[in-house]
file entry_20.csv (CSV, N, CA and C atoms)
chain,number,residue,atom,x,y,z
A,1,GLN,N,10.3,-28.1,13.7
A,1,GLN,CA,10.1,-26.7,13.8
A,1,GLN,C,11.4,-26.0,13.5
A,2,VAL,N,11.3,-24.9,12.7
A,2,VAL,CA,12.5,-24.1,12.4
A,2,VAL,C,12.3,-22.7,12.9
A,3,GLN,N,13.3,-22.2,13.5
A,3,GLN,CA,13.3,-20.8,14.0
A,3,GLN,C,14.3,-19.9,13.3
A,4,ILE,N,13.9,-18.7,13.0
A,4,ILE,CA,14.8,-17.8,12.3
A,4,ILE,C,15.0,-16.5,13.2
A,5,VAL,N,16.2,-16.2,13.6
A,5,VAL,CA,16.4,-15.1,14.4
A,5,VAL,C,17.4,-14.1,13.8
A,6,GLU,N,16.9,-12.9,13.7
A,6,GLU,CA,17.8,-11.8,13.1
A,6,GLU,C,18.3,-10.9,14.2
A,7,SER,N,19.5,-10.3,13.9
A,7,SER,CA,20.1,-9.4,14.9
A,7,SER,C,21.0,-8.5,14.1
A,8,GLY,N,21.4,-7.4,14.8
A,8,GLY,CA,22.4,-6.5,14.2
A,8,GLY,C,21.9,-5.1,13.7
A,9,GLY,N,20.6,-4.9,13.7
A,9,GLY,CA,20.0,-3.7,13.3
A,9,GLY,C,20.3,-2.6,14.3
A,10,GLY,N,20.0,-1.3,13.9
A,10,GLY,CA,20.1,-0.2,14.8
A,10,GLY,C,20.3,1.1,14.1
A,11,LEU,N,20.8,2.1,14.8
A,11,LEU,CA,21.0,3.4,14.3
A,11,LEU,C,22.5,3.5,13.9
A,12,VAL,N,22.7,4.0,12.7
A,12,VAL,CA,24.1,4.2,12.2
A,12,VAL,C,24.2,5.5,11.5
A,13,GLN,N,25.3,6.2,11.5
A,13,GLN,CA,25.5,7.4,10.8
A,13,GLN,C,25.8,7.2,9.4
A,14,PRO,N,25.4,8.1,8.5
A,14,PRO,CA,25.8,8.0,7.1
A,14,PRO,C,27.3,7.8,6.9
A,15,GLY,N,27.6,6.8,6.1
A,15,GLY,CA,29.0,6.5,5.9
A,15,GLY,C,29.5,5.4,6.8
A,16,GLY,N,28.8,5.1,7.8
A,16,GLY,CA,29.1,4.0,8.7
A,16,GLY,C,28.9,2.6,8.2
A,17,SER,N,29.1,1.7,9.2
A,17,SER,CA,28.9,0.3,8.8
A,17,SER,C,28.0,-0.4,9.9
A,18,LEU,N,27.5,-1.5,9.4
A,18,LEU,CA,26.6,-2.3,10.2
A,18,LEU,C,26.6,-3.8,9.7
A,19,ARG,N,26.5,-4.7,10.6
A,19,ARG,CA,26.4,-6.1,10.1
A,19,ARG,C,25.2,-6.8,10.7
A,20,LEU,N,24.4,-7.3,9.8
A,20,LEU,CA,23.2,-8.0,10.1
A,20,LEU,C,23.5,-9.5,10.1
A,21,SER,N,22.8,-10.2,11.1
A,21,SER,CA,23.0,-11.7,11.1
A,21,SER,C,21.6,-12.3,11.1
A,22,CYS,N,21.5,-13.5,10.6
A,22,CYS,CA,20.3,-14.3,10.6
A,22,CYS,C,20.7,-15.7,10.8
A,23,ALA,N,20.2,-16.3,11.9
A,23,ALA,CA,20.5,-17.6,12.3
A,23,ALA,C,19.3,-18.5,12.3
A,24,ALA,N,19.4,-19.7,11.7
A,24,ALA,CA,18.4,-20.6,11.6
A,24,ALA,C,18.7,-21.8,12.6
A,25,SER,N,17.7,-22.3,13.2
A,25,SER,CA,17.9,-23.4,14.1
A,25,SER,C,16.6,-24.3,14.1
A,26,GLY,N,16.8,-25.5,14.7
A,26,GLY,CA,15.7,-26.4,14.8
A,26,GLY,C,15.9,-27.6,13.9
A,27,SER,N,14.9,-28.2,13.4
A,27,SER,CA,15.0,-29.4,12.6
A,27,SER,C,15.3,-29.1,11.2
A,28,ILE,N,16.6,-29.0,10.9
A,28,ILE,CA,17.1,-28.5,9.6
A,28,ILE,C,17.8,-29.7,8.9
A,29,PHE,N,17.2,-30.0,7.7
A,29,PHE,CA,17.8,-31.1,6.9
A,29,PHE,C,18.7,-30.5,5.8
A,30,GLY,N,18.3,-29.3,5.4
A,30,GLY,CA,19.1,-28.7,4.3
A,30,GLY,C,18.6,-27.2,4.1
A,31,ILE,N,19.6,-26.4,3.8
A,31,ILE,CA,19.3,-25.0,3.5
A,31,ILE,C,19.8,-24.7,2.1
A,32,ASP,N,18.9,-24.1,1.3
A,32,ASP,CA,19.2,-23.8,-0.1
A,32,ASP,C,19.7,-22.3,-0.1
A,33,HIS,N,19.0,-21.5,-0.8
A,33,HIS,CA,19.4,-20.1,-0.8
A,33,HIS,C,19.1,-19.3,0.5
A,34,MET,N,19.8,-18.3,0.7
A,34,MET,CA,19.6,-17.4,1.9
A,34,MET,C,19.7,-16.0,1.3
A,35,GLY,N,18.9,-15.1,1.8
A,35,GLY,CA,19.0,-13.7,1.3
A,35,GLY,C,18.5,-12.7,2.3
A,36,TRP,N,18.7,-11.4,1.9
A,36,TRP,CA,18.2,-10.3,2.6
A,36,TRP,C,17.3,-9.4,1.7
A,37,TYR,N,16.2,-9.0,2.3
A,37,TYR,CA,15.3,-8.1,1.7
A,37,TYR,C,15.1,-6.9,2.6
A,38,ARG,N,14.5,-5.8,2.0
A,38,ARG,CA,14.2,-4.7,2.9
A,38,ARG,C,12.9,-4.1,2.4
A,39,GLN,N,12.3,-3.4,3.4
A,39,GLN,CA,11.0,-2.7,3.1
A,39,GLN,C,10.9,-1.4,3.9
A,40,VAL,N,10.4,-0.4,3.1
A,40,VAL,CA,10.1,0.8,3.8
A,40,VAL,C,8.6,1.0,3.7
A,41,PRO,N,8.0,1.8,4.6
A,41,PRO,CA,6.5,2.0,4.6
A,41,PRO,C,6.0,2.5,3.3
A,42,GLY,N,5.0,1.8,2.8
A,42,GLY,CA,4.3,2.2,1.6
A,42,GLY,C,4.9,1.6,0.3
A,43,LYS,N,6.0,0.9,0.5
A,43,LYS,CA,6.6,0.2,-0.7
A,43,LYS,C,6.7,-1.3,-0.5
A,44,GLU,N,6.9,-2.0,-1.6
A,44,GLU,CA,7.0,-3.4,-1.6
A,44,GLU,C,8.3,-3.8,-1.0
A,45,ARG,N,8.4,-5.0,-0.5
A,45,ARG,CA,9.6,-5.6,0.0
A,45,ARG,C,10.5,-5.8,-1.2
A,46,GLU,N,11.8,-5.5,-1.1
A,46,GLU,CA,12.7,-5.7,-2.3
A,46,GLU,C,13.9,-6.5,-1.9
A,47,LEU,N,14.4,-7.2,-2.8
A,47,LEU,CA,15.6,-8.0,-2.6
A,47,LEU,C,16.8,-7.1,-2.5
A,48,VAL,N,17.7,-7.4,-1.6
A,48,VAL,CA,19.0,-6.6,-1.4
A,48,VAL,C,20.1,-7.5,-1.9
A,49,ALA,N,20.2,-8.7,-1.4
A,49,ALA,CA,21.3,-9.6,-1.9
A,49,ALA,C,20.9,-11.0,-1.5
A,50,SER,N,21.4,-12.0,-2.2
A,50,SER,CA,21.2,-13.4,-1.9
A,50,SER,C,22.4,-14.2,-2.2
A,51,ILE,N,22.5,-15.4,-1.6
A,51,ILE,CA,23.6,-16.3,-1.7
A,51,ILE,C,23.1,-17.7,-1.8
A,52,SER,N,23.6,-18.5,-2.7
A,52,SER,CA,23.2,-19.9,-2.9
A,52,SER,C,24.0,-20.8,-1.9
A,53,ASN,N,23.5,-22.0,-1.8
A,53,ASN,CA,24.2,-22.9,-0.9
A,53,ASN,C,25.6,-23.2,-1.4
A,54,GLY,N,25.9,-22.9,-2.6
A,54,GLY,CA,27.3,-23.1,-3.2
A,54,GLY,C,28.1,-21.8,-3.1
A,55,GLY,N,27.5,-20.7,-2.5
A,55,GLY,CA,28.3,-19.5,-2.3
A,55,GLY,C,28.2,-18.5,-3.4
A,56,ARG,N,27.3,-18.8,-4.4
A,56,ARG,CA,27.2,-17.8,-5.5
A,56,ARG,C,26.3,-16.6,-5.0
A,57,THR,N,26.8,-15.4,-5.2
A,57,THR,CA,26.1,-14.3,-4.7
A,57,THR,C,25.4,-13.4,-5.8
A,58,ARG,N,24.4,-12.7,-5.3
A,58,ARG,CA,23.7,-11.8,-6.2
A,58,ARG,C,23.4,-10.6,-5.5
A,59,TYR,N,23.6,-9.4,-6.1
A,59,TYR,CA,23.3,-8.1,-5.5
A,59,TYR,C,22.4,-7.3,-6.4
A,60,GLU,N,21.5,-6.6,-5.7
A,60,GLU,CA,20.7,-5.7,-6.5
A,60,GLU,C,21.5,-4.4,-6.5
A,61,VAL,N,21.1,-3.5,-7.4
A,61,VAL,CA,21.9,-2.3,-7.7
A,61,VAL,C,22.2,-1.5,-6.4
A,62,PRO,N,21.2,-1.2,-5.5
A,62,PRO,CA,21.6,-0.4,-4.4
A,62,PRO,C,22.7,-0.9,-3.5
A,63,ALA,N,22.8,-2.3,-3.5
A,63,ALA,CA,23.8,-2.9,-2.6
A,63,ALA,C,25.2,-3.1,-3.3
A,64,LYS,N,25.3,-3.0,-4.6
A,64,LYS,CA,26.5,-3.4,-5.2
A,64,LYS,C,27.6,-2.4,-4.8
A,65,GLY,N,28.8,-3.0,-4.5
A,65,GLY,CA,29.9,-2.2,-4.1
A,65,GLY,C,30.0,-1.7,-2.7
A,66,ARG,N,28.8,-1.9,-2.0
A,66,ARG,CA,28.8,-1.4,-0.6
A,66,ARG,C,28.4,-2.5,0.4
A,67,PHE,N,27.6,-3.5,0.0
A,67,PHE,CA,27.2,-4.5,0.9
A,67,PHE,C,27.8,-5.8,0.5
A,68,THR,N,28.0,-6.7,1.5
A,68,THR,CA,28.6,-8.0,1.2
A,68,THR,C,27.7,-9.1,2.0
A,69,ILE,N,27.2,-10.0,1.2
A,69,ILE,CA,26.5,-11.1,1.8
A,69,ILE,C,27.4,-12.3,1.9
A,70,SER,N,27.3,-13.0,3.1
A,70,SER,CA,28.1,-14.3,3.3
A,70,SER,C,27.3,-15.2,4.1
A,71,ARG,N,27.7,-16.4,4.2
A,71,ARG,CA,27.0,-17.4,5.0
A,71,ARG,C,28.0,-18.4,5.6
A,72,ASP,N,27.6,-18.9,6.8
A,72,ASP,CA,28.4,-19.9,7.5
A,72,ASP,C,27.5,-21.1,7.6
A,73,ASN,N,27.8,-22.1,6.8
A,73,ASN,CA,26.9,-23.2,6.7
A,73,ASN,C,26.9,-24.1,8.0
A,74,ALA,N,28.1,-24.0,8.7
A,74,ALA,CA,28.2,-24.8,9.9
A,74,ALA,C,27.3,-24.2,11.0
A,75,LYS,N,27.0,-22.9,10.9
A,75,LYS,CA,26.2,-22.2,11.9
A,75,LYS,C,24.8,-21.9,11.4
A,76,ASN,N,24.5,-22.3,10.1
A,76,ASN,CA,23.2,-22.0,9.5
A,76,ASN,C,22.9,-20.5,9.6
A,77,THR,N,23.9,-19.7,9.3
A,77,THR,CA,23.8,-18.3,9.5
A,77,THR,C,24.2,-17.6,8.2
A,78,VAL,N,23.4,-16.5,7.9
A,78,VAL,CA,23.7,-15.6,6.8
A,78,VAL,C,24.0,-14.2,7.4
A,79,TYR,N,24.9,-13.5,6.8
A,79,TYR,CA,25.3,-12.2,7.2
A,79,TYR,C,25.1,-11.2,6.1
A,80,LEU,N,24.9,-9.9,6.5
A,80,LEU,CA,24.9,-8.9,5.5
A,80,LEU,C,25.8,-7.7,6.1
A,81,GLN,N,27.0,-7.6,5.5
A,81,GLN,CA,27.9,-6.5,6.0
A,81,GLN,C,27.5,-5.3,5.1
A,82,MET,N,27.1,-4.2,5.8
A,82,MET,CA,26.7,-3.0,5.2
A,82,MET,C,27.7,-1.9,5.4
A,83,ASN,N,28.4,-1.5,4.4
A,83,ASN,CA,29.4,-0.4,4.5
A,83,ASN,C,28.9,0.8,3.7
A,84,SER,N,29.5,2.0,4.1
A,84,SER,CA,29.2,3.2,3.4
A,84,SER,C,27.6,3.4,3.3
A,85,VAL,N,27.0,3.2,4.4
A,85,VAL,CA,25.5,3.3,4.4
A,85,VAL,C,25.0,4.7,4.1
A,86,LYS,N,23.8,4.8,3.5
A,86,LYS,CA,23.2,6.0,3.1
A,86,LYS,C,21.9,6.2,3.8
A,87,PRO,N,21.3,7.4,3.9
A,87,PRO,CA,20.0,7.5,4.5
A,87,PRO,C,18.9,6.7,3.8
A,88,GLU,N,19.1,6.5,2.5
A,88,GLU,CA,18.1,5.7,1.7
A,88,GLU,C,18.2,4.2,2.0
A,89,ASP,N,19.2,3.8,2.8
A,89,ASP,CA,19.3,2.4,3.2
A,89,ASP,C,18.4,2.2,4.4
A,90,THR,N,17.8,3.2,5.0
A,90,THR,CA,16.9,3.1,6.1
A,90,THR,C,15.7,2.2,5.7
A,91,ALA,N,15.4,1.1,6.5
A,91,ALA,CA,14.4,0.2,6.2
A,91,ALA,C,14.3,-0.9,7.2
A,92,VAL,N,13.3,-1.7,7.2
A,92,VAL,CA,13.3,-2.9,7.9
A,92,VAL,C,13.9,-4.0,7.0
A,93,TYR,N,14.9,-4.7,7.5
A,93,TYR,CA,15.6,-5.7,6.8
A,93,TYR,C,15.1,-7.1,7.2
A,94,TYR,N,14.8,-7.9,6.3
A,94,TYR,CA,14.2,-9.2,6.5
A,94,TYR,C,15.2,-10.3,5.9
A,95,CYS,N,15.4,-11.3,6.7
A,95,CYS,CA,16.1,-12.5,6.2
A,95,CYS,C,15.1,-13.5,5.6
A,96,ASN,N,15.5,-14.0,4.5
A,96,ASN,CA,14.7,-15.1,3.8
A,96,ASN,C,15.6,-16.3,3.5
A,97,THR,N,15.1,-17.4,3.9
A,97,THR,CA,15.9,-18.6,3.6
A,97,THR,C,15.0,-19.8,3.2
A,98,GLN,N,15.5,-20.6,2.4
A,98,GLN,CA,14.7,-21.8,2.0
A,98,GLN,C,15.3,-23.0,2.8
A,99,ILE,N,14.5,-23.5,3.7
A,99,ILE,CA,15.0,-24.6,4.6
A,99,ILE,C,14.0,-25.8,4.4
A,100,ASN,N,14.6,-26.9,4.2
A,100,ASN,CA,13.8,-28.1,4.1
A,100,ASN,C,12.7,-27.9,3.0
A,101,TRP,N,13.1,-27.2,1.9
A,101,TRP,CA,12.2,-27.0,0.7
A,101,TRP,C,11.1,-26.1,1.0
A,102,ARG,N,11.2,-25.3,2.1
A,102,ARG,CA,10.2,-24.3,2.4
A,102,ARG,C,10.8,-22.9,2.6
A,103,ASP,N,10.1,-21.9,2.3
A,103,ASP,CA,10.6,-20.5,2.5
A,103,ASP,C,10.3,-20.0,3.9
A,104,TYR,N,11.3,-19.4,4.6
A,104,TYR,CA,11.1,-18.9,5.9
A,104,TYR,C,11.5,-17.4,5.9
A,105,TRP,N,10.8,-16.6,6.7
A,105,TRP,CA,11.2,-15.2,6.8
A,105,TRP,C,11.5,-14.9,8.3
A,106,GLY,N,12.5,-14.0,8.5
A,106,GLY,CA,12.8,-13.5,9.8
A,106,GLY,C,11.8,-12.5,10.2
A,107,GLN,N,11.9,-12.1,11.5
A,107,GLN,CA,10.9,-11.1,12.0
A,107,GLN,C,11.2,-9.7,11.6
A,108,GLY,N,12.3,-9.5,11.0
A,108,GLY,CA,12.7,-8.1,10.6
A,108,GLY,C,13.5,-7.4,11.6
A,109,THR,N,14.5,-6.6,11.1
A,109,THR,CA,15.3,-5.8,12.0
A,109,THR,C,15.4,-4.4,11.4
A,110,GLN,N,15.2,-3.4,12.2
A,110,GLN,CA,15.2,-2.0,11.7
A,110,GLN,C,16.6,-1.5,11.6
A,111,VAL,N,16.9,-0.9,10.4
A,111,VAL,CA,18.1,-0.2,10.2
A,111,VAL,C,17.8,1.2,9.9
A,112,THR,N,18.4,2.1,10.7
A,112,THR,CA,18.1,3.6,10.5
A,112,THR,C,19.4,4.3,10.3
A,113,VAL,N,19.6,4.9,9.1
A,113,VAL,CA,20.8,5.7,8.8
A,113,VAL,C,20.5,7.2,8.9
A,114,SER,N,21.1,7.8,9.9
A,114,SER,CA,20.8,9.2,10.2
A,114,SER,C,21.9,9.8,11.0
A,115,SER,N,22.1,11.1,10.8
A,115,SER,CA,23.1,11.8,11.7
A,115,SER,C,22.4,12.4,12.8

call {"tool": "encode", "arguments": {"input": "entry_20.csv", "output": "structure tokens"}}
result
Amino acid sequence: QVQIVESGGGLVQPGGSLRLSCAASGSIFGIDHMGWYRQVPGKERELVASISNGGRTRYEVPAKGRFTISRDNAKNTVYLQMNSVKPEDTAVYYCNTQINWRDYWGQGTQVTVSS
């Protein structure tokens, strides 16, 4: 069994910062890519950023220059550092990881950017 636990969401003012964490635990033999998606009501879930097991990163346009994805392989954890946040970053953020050749999703964490 594999468990995925996200944390770090909340309310933040425009221009502020927030760090999301996603930790995997359980019977883990290997983790390939790890990534963050987000979804707002009425829209499809969209990729924000991803990172390979070798550390290669990919950012979608809304995240470039403001967000940083990183991972700690010893802790089976992926992070999303969100800086200079904007109201349009408001969404439920989901962690996605490929563990033991299967895709896993976190439960989602709400990020609200508002003054």

call {"tool": "residues_around", "arguments": {"input": "entry_20.csv", "residues": "Phe67 (chain A)", "least_positions_apart": "2", "cutoff": "8 Å", "atoms": "all atoms listed in the file", "output": "short mmCIF file (atom, residue, chain, number, x, y, z; two decimals) with N, CA and C atoms, keeping the file's coordinate frame"}}
result
data_model
loop_
_atom_site.label_atom_id
_atom_site.label_comp_id
_atom_site.auth_asym_id
_atom_site.auth_seq_id
_atom_site.Cartn_x
_atom_site.Cartn_y
_atom_site.Cartn_z
N ALA A 49 20.20 -8.70 -1.40
CA ALA A 49 21.30 -9.60 -1.90
C ALA A 49 20.90 -11.00 -1.50
N TYR A 59 23.60 -9.40 -6.10
CA TYR A 59 23.30 -8.10 -5.50
C TYR A 59 22.40 -7.30 -6.40
N PRO A 62 21.20 -1.20 -5.50
CA PRO A 62 21.60 -0.40 -4.40
C PRO A 62 22.70 -0.90 -3.50
N ALA A 63 22.80 -2.30 -3.50
CA ALA A 63 23.80 -2.90 -2.60
C ALA A 63 25.20 -3.10 -3.30
N LYS A 64 25.30 -3.00 -4.60
CA LYS A 64 26.50 -3.40 -5.20
C LYS A 64 27.60 -2.40 -4.80
N GLY A 65 28.80 -3.00 -4.50
CA GLY A 65 29.90 -2.20 -4.10
C GLY A 65 30.00 -1.70 -2.70
N ILE A 69 27.20 -10.00 1.20
CA ILE A 69 26.50 -11.10 1.80
C ILE A 69 27.40 -12.30 1.90
N SER A 70 27.30 -13.00 3.10
CA SER A 70 28.10 -14.30 3.30
C SER A 70 27.30 -15.20 4.10
N LEU A 80 24.90 -9.90 6.50
CA LEU A 80 24.90 -8.90 5.50
C LEU A 80 25.80 -7.70 6.10
N GLN A 81 27.00 -7.60 5.50
CA GLN A 81 27.90 -6.50 6.00
C GLN A 81 27.50 -5.30 5.10
N MET A 82 27.10 -4.20 5.80
CA MET A 82 26.70 -3.00 5.20
C MET A 82 27.70 -1.90 5.40
N ASN A 83 28.40 -1.50 4.40
CA ASN A 83 29.40 -0.40 4.50
C ASN A 83 28.90 0.80 3.70
N SER A 84 29.50 2.00 4.10
CA SER A 84 29.20 3.20 3.40
C SER A 84 27.60 3.40 3.30
#

call {"tool": "select_by_dssp", "arguments": {"input": "entry_20.csv", "residues": "region 22-92 of chain A", "states": "helix (DSSP H, G or I)", "output": "compact mmCIF listing (two decimals) with N, CA and C atoms, in the frame of the given file"}}
result
# COMPACT_ATOMS: atom_id res chain seq x y z
N VAL A 61 21.10 -3.50 -7.40
CA VAL A 61 21.90 -2.30 -7.70
C VAL A 61 22.20 -1.50 -6.40
N PRO A 62 21.20 -1.20 -5.50
CA PRO A 62 21.60 -0.40 -4.40
C PRO A 62 22.70 -0.90 -3.50
N ALA A 63 22.80 -2.30 -3.50
CA ALA A 63 23.80 -2.90 -2.60
C ALA A 63 25.20 -3.10 -3.30
N PRO A 87 21.30 7.40 3.90
CA PRO A 87 20.00 7.50 4.50
C PRO A 87 18.90 6.70 3.80
N GLU A 88 19.10 6.50 2.50
CA GLU A 88 18.10 5.70 1.70
C GLU A 88 18.20 4.20 2.00
N ASP A 89 19.20 3.80 2.80
CA ASP A 89 19.30 2.40 3.20
C ASP A 89 18.40 2.20 4.40

call {"tool": "closest_residue", "arguments": {"input": "entry_20.csv", "among": "A:Pro87, A:Gly54, A:Gly15, A:Gly9", "to": "Ile31 (chain A)", "atoms": "only C-alpha atoms"}}
result
A:Gly54

call {"tool": "closest_residue", "arguments": {"input": "entry_20.csv", "among": "A:Val113, A:Ala23, A:Val48, A:Ala74", "to": "Gly35 (chain A)", "atoms": "only C-alpha atoms"}}
result
A:Val48

call {"tool": "closest_residue", "arguments": {"input": "entry_20.csv", "among": "A:Asp103, A:Glu60, A:Glu44, A:Asp89", "to": "Pro14 (chain A)", "atoms": "only C-alpha atoms"}}
result
A:Asp89

call {"tool": "closest_residue", "arguments": {"input": "entry_20.csv", "among": "A:Ser25, A:Gln39, A:Asn73, A:Gln1", "to": "Tyr93 (chain A)", "atoms": "all atoms listed in the file"}}
result
A:Gln39

call {"tool": "residues_around", "arguments": {"input": "entry_20.csv", "residues": "Arg38 (chain A)", "least_positions_apart": "2", "cutoff": "7 Å", "atoms": "only N, CA and C atoms", "output": "number ranges by chain"}}
result
A: 36, 40, 44-48, 91-94

call {"tool": "select_by_dssp", "arguments": {"input": "entry_20.csv", "residues": "chain A", "states": "strand (DSSP E)", "output": "PyMOL selection string"}}
result
chain A and resi 2-7+10-12+18-26+31-39+46-51+57-59+67-72+77-82+91-99+102-105+109-113

call {"tool": "atom_distance", "arguments": {"input": "entry_20.csv", "atom1": "atom C of Ile99 (chain A)", "atom2": "CA of Lys75 (chain A)"}}
result
14.8 Å

call {"tool": "closest_residue", "arguments": {"input": "entry_20.csv", "among": "A:Gln107, A:Thr57, A:Ser21, A:Ser52", "to": "Gln3 (chain A)", "atoms": "only C-alpha atoms"}}
result
A:Gln107
